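Shown next: input-v4.cif, containing mmCIF, C-alpha atoms.
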data_entry
loop_
_atom_site.label_atom_id
_atom_site.label_comp_id
_atom_site.auth_asym_id
_atom_site.auth_seq_id
_atom_site.Cartn_x
_atom_site.Cartn_y
_atom_site.Cartn_z
CA MET X 1 -27.04 -31.77 15.89
CA LYS X 2 -26.50 -28.81 18.22
CA ASN X 3 -23.75 -27.43 15.93
CA ASN X 4 -26.11 -27.46 12.92
CA SER X 5 -28.82 -25.81 15.01
CA ASN X 6 -26.40 -23.04 16.00
CA LYS X 7 -25.34 -22.50 12.36
CA ILE X 8 -28.98 -22.25 11.30
CA ARG X 9 -29.64 -19.73 14.10
CA LEU X 10 -26.63 -17.63 13.03
CA LEU X 11 -27.62 -17.78 9.36
CA THR X 12 -31.18 -16.78 10.21
CA ILE X 13 -30.12 -13.82 12.36
CA SER X 14 -27.58 -12.80 9.70
CA ALA X 15 -30.20 -12.89 6.94
CA LEU X 16 -32.60 -10.89 9.07
CA MET X 17 -29.94 -8.28 9.83
CA ALA X 18 -28.86 -8.08 6.17
CA SER X 19 -32.52 -7.52 5.23
CA ILE X 20 -32.90 -4.73 7.80
CA CYS X 21 -29.64 -3.18 6.59
CA LEU X 22 -30.93 -3.33 3.01
CA LEU X 23 -34.21 -1.65 3.94
CA LEU X 24 -32.60 1.09 6.03
CA THR X 25 -30.01 1.75 3.33
CA ALA X 26 -31.97 1.48 0.07
CA TYR X 27 -35.35 2.78 1.11
CA LEU X 28 -34.77 5.08 4.08
CA HIS X 29 -32.07 7.36 2.76
CA ILE X 30 -31.38 10.96 1.85
CA PRO X 31 -29.88 11.48 -1.62
CA SER X 32 -26.57 13.34 -1.71
CA SER X 33 -24.60 14.65 -4.67
CA LYS X 34 -23.13 11.28 -5.72
CA GLY X 35 -24.97 8.73 -3.58
CA TYR X 36 -27.08 8.81 -0.44
CA ILE X 37 -26.90 9.13 3.35
CA HIS X 38 -28.45 6.29 5.36
CA ILE X 39 -28.48 4.59 8.77
CA GLY X 40 -27.88 1.05 7.52
CA ASP X 41 -24.33 1.11 8.88
CA GLY X 42 -25.86 0.97 12.37
CA ILE X 43 -27.09 -2.54 11.57
CA ILE X 44 -23.62 -3.53 10.38
CA PHE X 45 -22.23 -2.24 13.69
CA LEU X 46 -24.84 -4.31 15.57
CA ALA X 47 -24.19 -7.44 13.53
CA SER X 48 -20.46 -7.07 14.10
CA SER X 49 -20.98 -6.71 17.84
CA MET X 50 -23.14 -9.84 18.05
CA LEU X 51 -22.24 -12.32 15.34
CA PRO X 52 -19.05 -14.22 14.52
CA THR X 53 -16.91 -12.20 12.11
CA PRO X 54 -17.67 -14.10 8.86
CA TYR X 55 -21.41 -13.71 9.43
CA ALA X 56 -21.05 -9.99 10.25
CA VAL X 57 -18.97 -9.38 7.12
CA CYS X 58 -21.67 -11.08 5.03
CA VAL X 59 -24.36 -8.91 6.66
CA GLY X 60 -22.47 -5.80 5.63
CA ILE X 61 -21.69 -6.88 2.10
CA ALA X 62 -25.10 -8.42 1.38
CA GLY X 63 -27.25 -5.76 3.04
CA ALA X 64 -25.43 -2.64 1.86
CA GLY X 65 -24.38 -4.17 -1.47
CA LEU X 66 -27.90 -5.18 -2.41
CA ALA X 67 -29.07 -1.72 -1.38
CA ASP X 68 -26.67 -0.16 -3.88
CA ILE X 69 -27.85 -2.47 -6.64
CA LEU X 70 -31.58 -2.16 -5.93
CA SER X 71 -31.56 1.62 -5.46
CA GLY X 72 -29.80 2.41 -8.73
CA TYR X 73 -26.26 2.91 -7.42
CA ALA X 74 -24.70 -0.35 -8.62
CA ILE X 75 -21.53 1.53 -9.61
CA TRP X 76 -20.81 1.82 -5.88
CA PHE X 77 -21.08 -1.95 -5.19
CA PRO X 78 -17.33 -2.72 -5.41
CA ALA X 79 -16.53 0.04 -2.90
CA THR X 80 -19.41 -1.00 -0.66
CA ALA X 81 -18.30 -4.63 -0.61
CA VAL X 82 -14.83 -3.64 0.59
CA VAL X 83 -15.83 -0.77 2.91
CA LYS X 84 -18.67 -2.62 4.65
CA GLY X 85 -16.69 -5.84 4.89
CA VAL X 86 -13.78 -4.02 6.53
CA THR X 87 -16.18 -2.05 8.75
CA ALA X 88 -17.46 -5.32 10.17
CA LEU X 89 -13.90 -6.17 11.22
CA MET X 90 -13.69 -3.07 13.44
CA PHE X 91 -16.14 -4.34 16.06
CA SER X 92 -15.95 -7.31 18.41
CA ASN X 93 -18.60 -9.86 19.29
CA LYS X 94 -16.56 -11.03 22.29
CA GLY X 95 -18.10 -10.49 25.68
CA LYS X 96 -21.59 -10.52 27.04
CA LYS X 97 -22.65 -7.06 25.92
CA ILE X 98 -23.13 -5.37 22.55
CA ILE X 99 -22.27 -1.89 23.75
CA THR X 100 -18.75 -1.97 25.13
CA VAL X 101 -16.02 0.64 25.28
CA ARG X 102 -14.14 -1.24 22.56
CA ASN X 103 -17.17 -1.26 20.25
CA LEU X 104 -17.92 2.40 20.88
CA LEU X 105 -14.32 3.26 20.00
CA ALA X 106 -14.65 1.13 16.84
CA ILE X 107 -16.99 3.76 15.42
CA ILE X 108 -13.95 6.02 14.85
CA PRO X 109 -11.97 3.72 12.54
CA SER X 110 -15.20 2.67 10.83
CA PHE X 111 -15.76 6.33 9.92
CA ILE X 112 -12.21 6.55 8.55
CA VAL X 113 -12.72 3.38 6.48
CA CYS X 114 -16.11 4.59 5.21
CA ALA X 115 -15.07 8.12 4.29
CA GLY X 116 -11.61 7.16 3.05
CA GLY X 117 -12.77 4.14 1.10
CA TYR X 118 -15.61 5.89 -0.68
CA ILE X 119 -13.59 9.04 -1.37
CA VAL X 120 -10.74 7.04 -2.91
CA TYR X 121 -13.18 4.93 -4.94
CA GLU X 122 -15.08 7.96 -6.17
CA ALA X 123 -11.88 9.77 -7.08
CA LEU X 124 -10.50 6.81 -9.01
CA VAL X 125 -13.68 5.55 -10.68
CA ILE X 126 -16.20 8.37 -10.89
CA THR X 127 -14.74 11.88 -10.51
CA ASP X 128 -11.52 13.20 -8.93
CA PHE X 129 -10.18 13.71 -5.40
CA LYS X 130 -11.29 17.33 -5.12
CA THR X 131 -14.87 16.52 -6.09
CA ALA X 132 -14.90 13.37 -3.98
CA ALA X 133 -13.64 15.15 -0.86
CA VAL X 134 -16.75 17.35 -0.88
CA GLN X 135 -18.69 14.28 0.29
CA ILE X 136 -16.93 14.12 3.67
CA MET X 137 -19.78 15.83 5.53
CA SER X 138 -22.20 13.28 4.10
CA TYR X 139 -20.07 10.51 5.59
CA VAL X 140 -19.88 12.31 8.95
CA THR X 141 -23.68 12.56 8.97
CA GLN X 142 -24.12 8.94 7.90
CA ILE X 143 -21.78 7.47 10.51
CA THR X 144 -23.13 9.73 13.26
CA ALA X 145 -26.74 8.76 12.54
CA SER X 146 -25.75 5.09 12.25
CA ALA X 147 -23.83 5.30 15.54
CA VAL X 148 -26.91 6.73 17.29
CA LEU X 149 -29.05 3.87 15.94
CA TYR X 150 -26.39 1.34 16.97
CA ILE X 151 -26.08 2.71 20.50
CA LEU X 152 -29.83 2.99 21.11
CA VAL X 153 -30.67 -0.46 19.75
CA GLY X 154 -27.55 -1.99 21.35
CA ILE X 155 -28.44 -0.63 24.79
CA THR X 156 -31.99 -1.94 24.40
CA LEU X 157 -30.79 -5.40 23.32
CA ASP X 158 -28.27 -5.46 26.18
CA LYS X 159 -31.07 -4.71 28.65
CA ILE X 160 -32.95 -7.82 27.51
CA ASP X 161 -29.71 -9.85 27.45
CA PHE X 162 -30.15 -10.60 23.75
CA LYS X 163 -26.71 -12.12 23.18
CA LYS X 164 -27.13 -14.65 25.98
CA LYS X 165 -30.67 -15.62 24.99
CA PHE X 166 -30.34 -15.81 21.20
CA LEU X 167 -26.68 -16.24 20.26
#
Before anything else, please render the file you have as structure tokens.
Amino acid sequence: MKNNSNKIRLLTISALMASICLLLTAYLHIPSSKGYIHIGDGIIFLASSMLPTPYAVCVGIAGAGLADILSGYAIWFPATAVVKGVTALMFSNKGKKIITVRNLLAIIPSFIVCAGGYIVYEALVITDFKTAAVQIMSYVTQITASAVLYILVGITLDKIDFKKKFL
């Protein structure tokens, strides 16, 4: 019975985090030339630092993917599914804290995956590499803003010992 209870808790937290990611991505964003800049990645970073990997990957794909579809950017869904799924793999839920040196360093490869993945996708599917590369500053802004959200919320959750109490 305890195992089922834990799965339900993880599913509930995952669904909540995917919903927050969706809202912060689809409805609180700044349009850019080919897409938009948002802070939803910060929720993916949080989910990946708290939840078991399969749940975190689902948060990223469901939250950001639904945001693409609901905000009129469905063409980006295939890239989002891969980029956000891989991003979730960069962070670790091991340990008692959300904000760890390892997780802070994970922001760097997550930026590379985000920028690289979307630039390659855009170049192959939508435009060309020269046009796609212009978006790099949008990705820098997006990951930086998401990292700030992640760090601020992560520190706050660590202060209340969220992982120990709820996960």
(message) Which residues would end up in the selection if the PyMOL selection byres ((chain X and resi 105) around 12) were applied here, given that I need the answer as a list in words?
(response) Phe45, Met90, Phe91, Ser92, Ile99, Thr100, Val101, Arg102, Asn103, Leu104, Ala106, Ile107, Ile108, Pro109, Ser110, Phe111, Ala147 and Ile151 of chain X
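Taking all atoms listed in the file into account, the protein, DNA and RNA residues within 10 Å of (-36.1, 1.1, 4.8) read Ser19, Ile20, Cys21, Leu22, Leu23, Leu24, Thr25, Ala26, Tyr27, Leu28, His29, His38, Ile39, Gly40 and Ala67 of chain X.
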(request) Rounded to one decimal place, report the atom CA of Asn4 of chain X-atom CA of Leu167 of chain X distance in Å. (result)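 These atoms are spaced 13.4 Å apart.
Within a radius of 12 Å around (-29.9, -11.7, 23.4), the polymer residues are X:Ile13, X:Leu46, X:Ser49, X:Met50, X:Leu51, X:Lys96, X:Lys97, X:Ile98, X:Val153, X:Gly154, X:Ile155, X:Thr156, X:Leu157, X:Asp158, X:Lys159, X:Ile160, X:Asp161, X:Phe162, X:Lys163, X:Lys164, X:Lys165, X:Phe166, X:Leu167, counting all atoms listed in the file.
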Which residues, written as a CSV table (one decimal) with C-alpha atoms, in the coordinates of the input, have at least one atom at most 10 Å from segment 116-121 of chain X, with all atoms listed in the file counted and residues fewer than 2 positions away on the same chain left out?
chain,number,residue,atom,x,y,z
X,76,TRP,CA,-20.8,1.8,-5.9
X,78,PRO,CA,-17.3,-2.7,-5.4
X,79,ALA,CA,-16.5,0.0,-2.9
X,80,THR,CA,-19.4,-1.0,-0.7
X,82,VAL,CA,-14.8,-3.6,0.6
X,83,VAL,CA,-15.8,-0.8,2.9
X,84,LYS,CA,-18.7,-2.6,4.6
X,86,VAL,CA,-13.8,-4.0,6.5
X,110,SER,CA,-15.2,2.7,10.8
X,111,PHE,CA,-15.8,6.3,9.9
X,112,ILE,CA,-12.2,6.6,8.6
X,113,VAL,CA,-12.7,3.4,6.5
X,114,CYS,CA,-16.1,4.6,5.2
X,123,ALA,CA,-11.9,9.8,-7.1
X,124,LEU,CA,-10.5,6.8,-9.0
X,125,VAL,CA,-13.7,5.6,-10.7
X,126,ILE,CA,-16.2,8.4,-10.9
X,127,THR,CA,-14.7,11.9,-10.5
X,128,ASP,CA,-11.5,13.2,-8.9
X,129,PHE,CA,-10.2,13.7,-5.4
X,130,LYS,CA,-11.3,17.3,-5.1
X,131,THR,CA,-14.9,16.5,-6.1
X,132,ALA,CA,-14.9,13.4,-4.0
X,133,ALA,CA,-13.6,15.2,-0.9
X,134,VAL,CA,-16.8,17.4,-0.9
X,135,GLN,CA,-18.7,14.3,0.3
X,136,ILE,CA,-16.9,14.1,3.7
X,139,TYR,CA,-20.1,10.5,5.6
(request) Can you give me, as a ChimeraX atom specification, the residues this file yields under the PyMOL selection byres ((chain X and resi 56-60) around 6)? (result) /X:14,18,44,47-48,51,53-55,61-64,84-85,88
(message) Given only C-alpha atoms as the basis, pick out the residue of X:Leu11, X:Ile30, X:Ser138, X:Gly35 nearest to Ile75 of chain X.
(response)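 Of X:Leu11, X:Ile30, X:Ser138, X:Gly35, the one nearest Ile75 of chain X is X:Gly35, counting only C-alpha atoms.
Our summary of the geometry notes that atom CA of Tyr36 of chain X is positioned 19.0 Å from atom CA of Tyr150 of chain X.
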(message) Using Å and a single decimal, report how far atom CA of Gln142 of chain X sits from atom CA of Gly65 of chain X.
(response)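 Atom CA of Gln142 of chain X lies at a distance of 16.1 Å from atom CA of Gly65 of chain X.
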